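The file entry-v4.pdb contains PDB, C-alpha atoms, pLDDT in the B column:
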```pdb
MODEL        1
ATOM      1  CA  SER A   1      20.514  31.277 -17.263  1.00 77.00           C
ATOM      2  CA  ASP A   2      18.667  31.264 -20.579  1.00 89.00           C
ATOM      3  CA  ALA A   3      21.523  33.092 -22.288  1.00 91.00           C
ATOM      4  CA  VAL A   4      24.055  30.471 -21.188  1.00 90.00           C
ATOM      5  CA  PHE A   5      21.803  27.644 -22.367  1.00 91.00           C
ATOM      6  CA  ALA A   6      21.272  29.374 -25.691  1.00 92.00           C
ATOM      7  CA  ALA A   7      25.030  29.805 -26.130  1.00 92.00           C
ATOM      8  CA  TRP A   8      25.658  26.128 -25.330  1.00 92.00           C
ATOM      9  CA  ASP A   9      22.795  24.943 -27.590  1.00 93.00           C
ATOM     10  CA  THR A  10      24.748  25.570 -30.787  1.00 94.00           C
ATOM     11  CA  ASP A  11      22.207  23.903 -33.100  1.00 94.00           C
ATOM     12  CA  HIS A  12      19.343  25.822 -31.409  1.00 93.00           C
ATOM     13  CA  ASP A  13      17.077  22.791 -31.087  1.00 95.00           C
ATOM     14  CA  GLY A  14      16.177  23.522 -27.458  1.00 93.00           C
ATOM     15  CA  MET A  15      18.211  20.578 -26.130  1.00 93.00           C
ATOM     16  CA  LEU A  16      21.832  20.062 -25.247  1.00 93.00           C
ATOM     17  CA  SER A  17      23.416  17.103 -26.926  1.00 94.00           C
ATOM     18  CA  ARG A  18      26.305  15.379 -25.216  1.00 95.00           C
ATOM     19  CA  ALA A  19      28.677  16.927 -27.771  1.00 95.00           C
ATOM     20  CA  GLU A  20      27.310  20.448 -27.149  1.00 94.00           C
ATOM     21  CA  PHE A  21      27.639  19.996 -23.405  1.00 93.00           C
ATOM     22  CA  ASP A  22      31.166  18.582 -23.680  1.00 93.00           C
ATOM     23  CA  ARG A  23      32.334  21.455 -25.932  1.00 93.00           C
ATOM     24  CA  ALA A  24      30.839  24.082 -23.630  1.00 93.00           C
ATOM     25  CA  TRP A  25      32.192  22.429 -20.482  1.00 93.00           C
ATOM     26  CA  GLU A  26      35.673  22.172 -21.999  1.00 94.00           C
ATOM     27  CA  GLY A  27      35.500  25.872 -22.900  1.00 92.00           C
ATOM     28  CA  LEU A  28      34.611  26.752 -19.308  1.00 91.00           C
ATOM     29  CA  ARG A  29      37.452  24.615 -17.991  1.00 91.00           C
ATOM     30  CA  GLU A  30      39.955  26.207 -20.374  1.00 91.00           C
ATOM     31  CA  ARG A  31      38.855  29.727 -19.409  1.00 92.00           C
ATOM     32  CA  ALA A  32      39.104  28.874 -15.708  1.00 90.00           C
ATOM     33  CA  GLU A  33      42.592  27.435 -16.192  1.00 89.00           C
ATOM     34  CA  ALA A  34      43.637  30.551 -18.113  1.00 91.00           C
ATOM     35  CA  ARG A  35      42.407  32.780 -15.261  1.00 93.00           C
ATOM     36  CA  VAL A  36      44.275  30.715 -12.675  1.00 90.00           C
ATOM     37  CA  GLU A  37      47.449  30.734 -14.757  1.00 92.00           C
ATOM     38  CA  SER A  38      47.140  34.507 -15.203  1.00 94.00           C
ATOM     39  CA  ARG A  39      46.835  35.022 -11.441  1.00 93.00           C
ATOM     40  CA  LEU A  40      49.782  32.713 -10.806  1.00 93.00           C
ATOM     41  CA  ARG A  41      51.820  34.651 -13.377  1.00 95.00           C
ATOM     42  CA  GLU A  42      51.020  37.894 -11.509  1.00 95.00           C
ATOM     43  CA  GLN A  43      52.132  36.330  -8.212  1.00 92.00           C
ATOM     44  CA  PHE A  44      55.278  34.945  -9.841  1.00 95.00           C
ATOM     45  CA  ASP A  45      56.142  38.356 -11.291  1.00 95.00           C
ATOM     46  CA  LYS A  46      55.662  40.040  -7.892  1.00 95.00           C
ATOM     47  CA  VAL A  47      58.103  37.641  -6.220  1.00 94.00           C
ATOM     48  CA  ASP A  48      60.627  37.960  -9.065  1.00 96.00           C
ATOM     49  CA  ALA A  49      62.073  41.143  -7.557  1.00 94.00           C
ATOM     50  CA  ASN A  50      65.133  41.302  -9.818  1.00 95.00           C
ATOM     51  CA  ARG A  51      62.956  40.751 -12.920  1.00 95.00           C
ATOM     52  CA  ASN A  52      65.128  38.000 -14.362  1.00 96.00           C
ATOM     53  CA  GLY A  53      62.133  35.818 -15.231  1.00 95.00           C
ATOM     54  CA  ALA A  54      62.766  33.318 -12.452  1.00 97.00           C
ATOM     55  CA  VAL A  55      62.409  32.890  -8.701  1.00 96.00           C
ATOM     56  CA  ASP A  56      65.910  32.817  -7.262  1.00 96.00           C
ATOM     57  CA  ALA A  57      66.953  31.391  -3.902  1.00 93.00           C
ATOM     58  CA  GLY A  58      66.672  34.818  -2.242  1.00 93.00           C
ATOM     59  CA  GLU A  59      63.141  35.277  -3.604  1.00 96.00           C
ATOM     60  CA  TYR A  60      61.935  31.739  -2.826  1.00 95.00           C
ATOM     61  CA  GLY A  61      61.147  32.493   0.816  1.00 92.00           C
ATOM     62  CA  HIS A  62      58.794  35.280  -0.253  1.00 92.00           C
ATOM     63  CA  LEU A  63      56.389  32.859  -1.943  1.00 92.00           C
ATOM     64  CA  VAL A  64      53.155  32.716   0.067  1.00 88.00           C
ATOM     65  CA  LEU A  65      52.898  28.915  -0.063  1.00 87.00           C
ATOM     66  CA  VAL A  66      56.501  28.581   1.111  1.00 90.00           C
ATOM     67  CA  GLN A  67      55.836  31.009   3.967  1.00 90.00           C
ATOM     68  CA  ARG A  68      52.702  29.099   4.957  1.00 87.00           C
ATOM     69  CA  ALA A  69      54.575  25.794   4.911  1.00 87.00           C
ATOM     70  CA  GLY A  70      57.163  27.302   7.246  1.00 88.00           C
ATOM     71  CA  LYS A  71      59.905  24.936   8.321  1.00 90.00           C
ATOM     72  CA  SER A  72      58.226  22.072   6.479  1.00 88.00           C
ATOM     73  CA  ALA A  73      58.622  23.860   3.112  1.00 90.00           C
ATOM     74  CA  PRO A  74      60.756  21.845   0.711  1.00 93.00           C
ATOM     75  CA  PRO A  75      63.894  23.537  -0.602  1.00 95.00           C
ATOM     76  CA  LEU A  76      63.889  25.322  -3.939  1.00 95.00           C
ATOM     77  CA  SER A  77      65.973  22.449  -5.337  1.00 96.00           C
ATOM     78  CA  ALA A  78      62.960  20.114  -4.938  1.00 95.00           C
ATOM     79  CA  PHE A  79      61.259  21.979  -7.807  1.00 96.00           C
ATOM     80  CA  ASP A  80      64.313  23.059  -9.831  1.00 97.00           C
ATOM     81  CA  ALA A  81      63.956  20.508 -12.645  1.00 96.00           C
ATOM     82  CA  ASP A  82      66.797  21.922 -14.748  1.00 97.00           C
ATOM     83  CA  HIS A  83      69.111  22.397 -11.730  1.00 97.00           C
ATOM     84  CA  ASP A  84      69.945  26.014 -12.542  1.00 97.00           C
ATOM     85  CA  GLY A  85      69.370  27.261  -8.979  1.00 96.00           C
ATOM     86  CA  ARG A  86      66.138  29.084  -9.749  1.00 96.00           C
ATOM     87  CA  LEU A  87      62.533  28.403 -10.704  1.00 97.00           C
ATOM     88  CA  ALA A  88      61.241  29.235 -14.146  1.00 97.00           C
ATOM     89  CA  PHE A  89      57.475  29.728 -14.420  1.00 96.00           C
ATOM     90  CA  GLY A  90      56.805  26.073 -15.302  1.00 95.00           C
ATOM     91  CA  GLU A  91      58.781  24.908 -12.280  1.00 97.00           C
ATOM     92  CA  TYR A  92      56.877  27.424 -10.167  1.00 96.00           C
ATOM     93  CA  LEU A  93      53.591  25.894 -11.374  1.00 94.00           C
ATOM     94  CA  THR A  94      54.844  22.488 -10.201  1.00 94.00           C
ATOM     95  CA  LEU A  95      55.670  23.980  -6.797  1.00 93.00           C
ATOM     96  CA  VAL A  96      52.222  25.576  -6.510  1.00 91.00           C
ATOM     97  CA  GLY A  97      50.495  22.332  -7.444  1.00 89.00           C
ATOM     98  CA  ARG A  98      52.459  20.277  -4.950  1.00 88.00           C
ATOM     99  CA  LEU A  99      52.344  22.710  -2.022  1.00 84.00           C
ATOM    100  CA  ALA A 100      48.668  23.538  -2.573  1.00 81.00           C
ATOM    101  CA  ALA A 101      47.844  19.804  -2.586  1.00 78.00           C
ATOM    102  CA  THR A 102      49.856  19.330   0.605  1.00 72.00           C
ATOM    103  CA  ALA A 103      48.041  22.244   2.252  1.00 62.00           C
ATOM    104  CA  ARG A 104      44.652  20.680   1.371  1.00 61.00           C
ATOM    105  CA  ALA A 105      45.609  17.194   2.534  1.00 56.00           C
ATOM    106  CA  PRO A 106      44.218  15.950   5.857  1.00 59.00           C
ATOM    107  CA  GLY A 107      46.438  17.303   8.581  1.00 55.00           C
ATOM    108  CA  GLY A 108      47.878  19.950   6.238  1.00 50.00           C
ATOM    109  CA  LYS A 109      47.465  23.650   6.657  1.00 47.00           C
ATOM    110  CA  SER A 110      44.689  25.262   4.642  1.00 41.00           C
ATOM    111  CA  PRO A 111      45.848  27.605   1.853  1.00 40.00           C
TER     112      PRO A 111
ENDMDL
END
```

Would it be possible to restate this file's structure as structure tokens?
Amino acid sequence: SDAVFAAWDTDHDGMLSRAEFDRAWEGLRERAEARVESRLREQFDKVDANRNGAVDAGEYGHLVLVQRAGKSAPPLSAFDADHDGRLAFGEYLTLVGRLAATARAPGGKSP
């Protein structure tokens, strides 16, 4: 829209320079990533039933991606980088990235 173009055209010369486009595109990407991370945080918090800030072994099976993977789901230990028997949020993000990629791969289940 005209408003978006005007916002991206920071020097108001009626054209988008490469630098203006790159800055605006990076801003969009960062906002999209923040929204995704916020939604993942909400999902993480829902599964963290005991509210200890981590997904424990008993909570792991309640993760949607783990349920969708079924018997082919890797064990919690596959994502437990610090080997404390639970997933902190960063480890959970690794799990989501890996299982979502597997689900999108040819022959994988769709998310």

Got a sec to resolve the PyMOL selection byres ((chain A and resi 65) around 10) on this structure and send the residues as a list in words?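 Evaluating the PyMOL selection byres ((chain A and resi 65) around 10) on this file yields Tyr60, Gly61, His62, Leu63, Val64, Val66, Gln67, Arg68, Ala69, Gly70, Ala73, Leu95, Val96, Arg98, Leu99, Ala100, Ala103 and Pro111 of chain A.
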
Could you tell me how far atom CA of A:Val36 sits from atom CA of A:Leu93, in Å to one decimal place? 10.6 Å

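Here atom CA of A:Gly53 is placed at a distance of 15.8 Å from atom CA of A:Arg39.
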
Best match for closeness to A:Asp48 among A:Trp8, A:Leu87, A:Leu76, A:Thr102, counting only C-alpha atoms: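 Going through A:Trp8, A:Leu87, A:Leu76, A:Thr102 one by one, the smallest distance to A:Asp48 is for A:Leu87.
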
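Using all atoms listed in the file, the nearest neighbour of A:Gln43 within the list A:Ala101, A:Met15, A:Phe89, A:Asp82 is A:Phe89.
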
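Atom pair atom CA of A:Thr10 / atom CA of A:Glu37 has a distance of 28.3 Å (rounded to one decimal).
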
Contacts of A:Leu16 at 12 Å or less, counting only C-alpha atoms, minus same-chain residues fewer than 4 places along, as a ChimeraX atom specification? /A:4-12,20-25

With a distance cut-off of 7 Å and only C-alpha atoms, select the neighbouring residues of A:Glu91, excluding the residue or stretch itself and same-chain residues fewer than 5 positions from it, and output the selection as a VMD selection string. chain A and resid 79 to 81

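Proximity ranking of A:Ala88, A:Ser1, A:Ala57, A:Arg51 relative to A:Pro75 places A:Ala57 first, based on all atoms listed in the file.
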
First collect every listed atom of stretch 7-15 of chain A; then fit an axis-aligned box around them, widen it by 4 Å on each side, and give centre and edge lengths in Å to one decimal, as JSON.
```
{"center_x": 20.9, "center_y": 25.2, "center_z": -29.2, "size_x": 17.5, "size_y": 17.2, "size_z": 15.8}
```
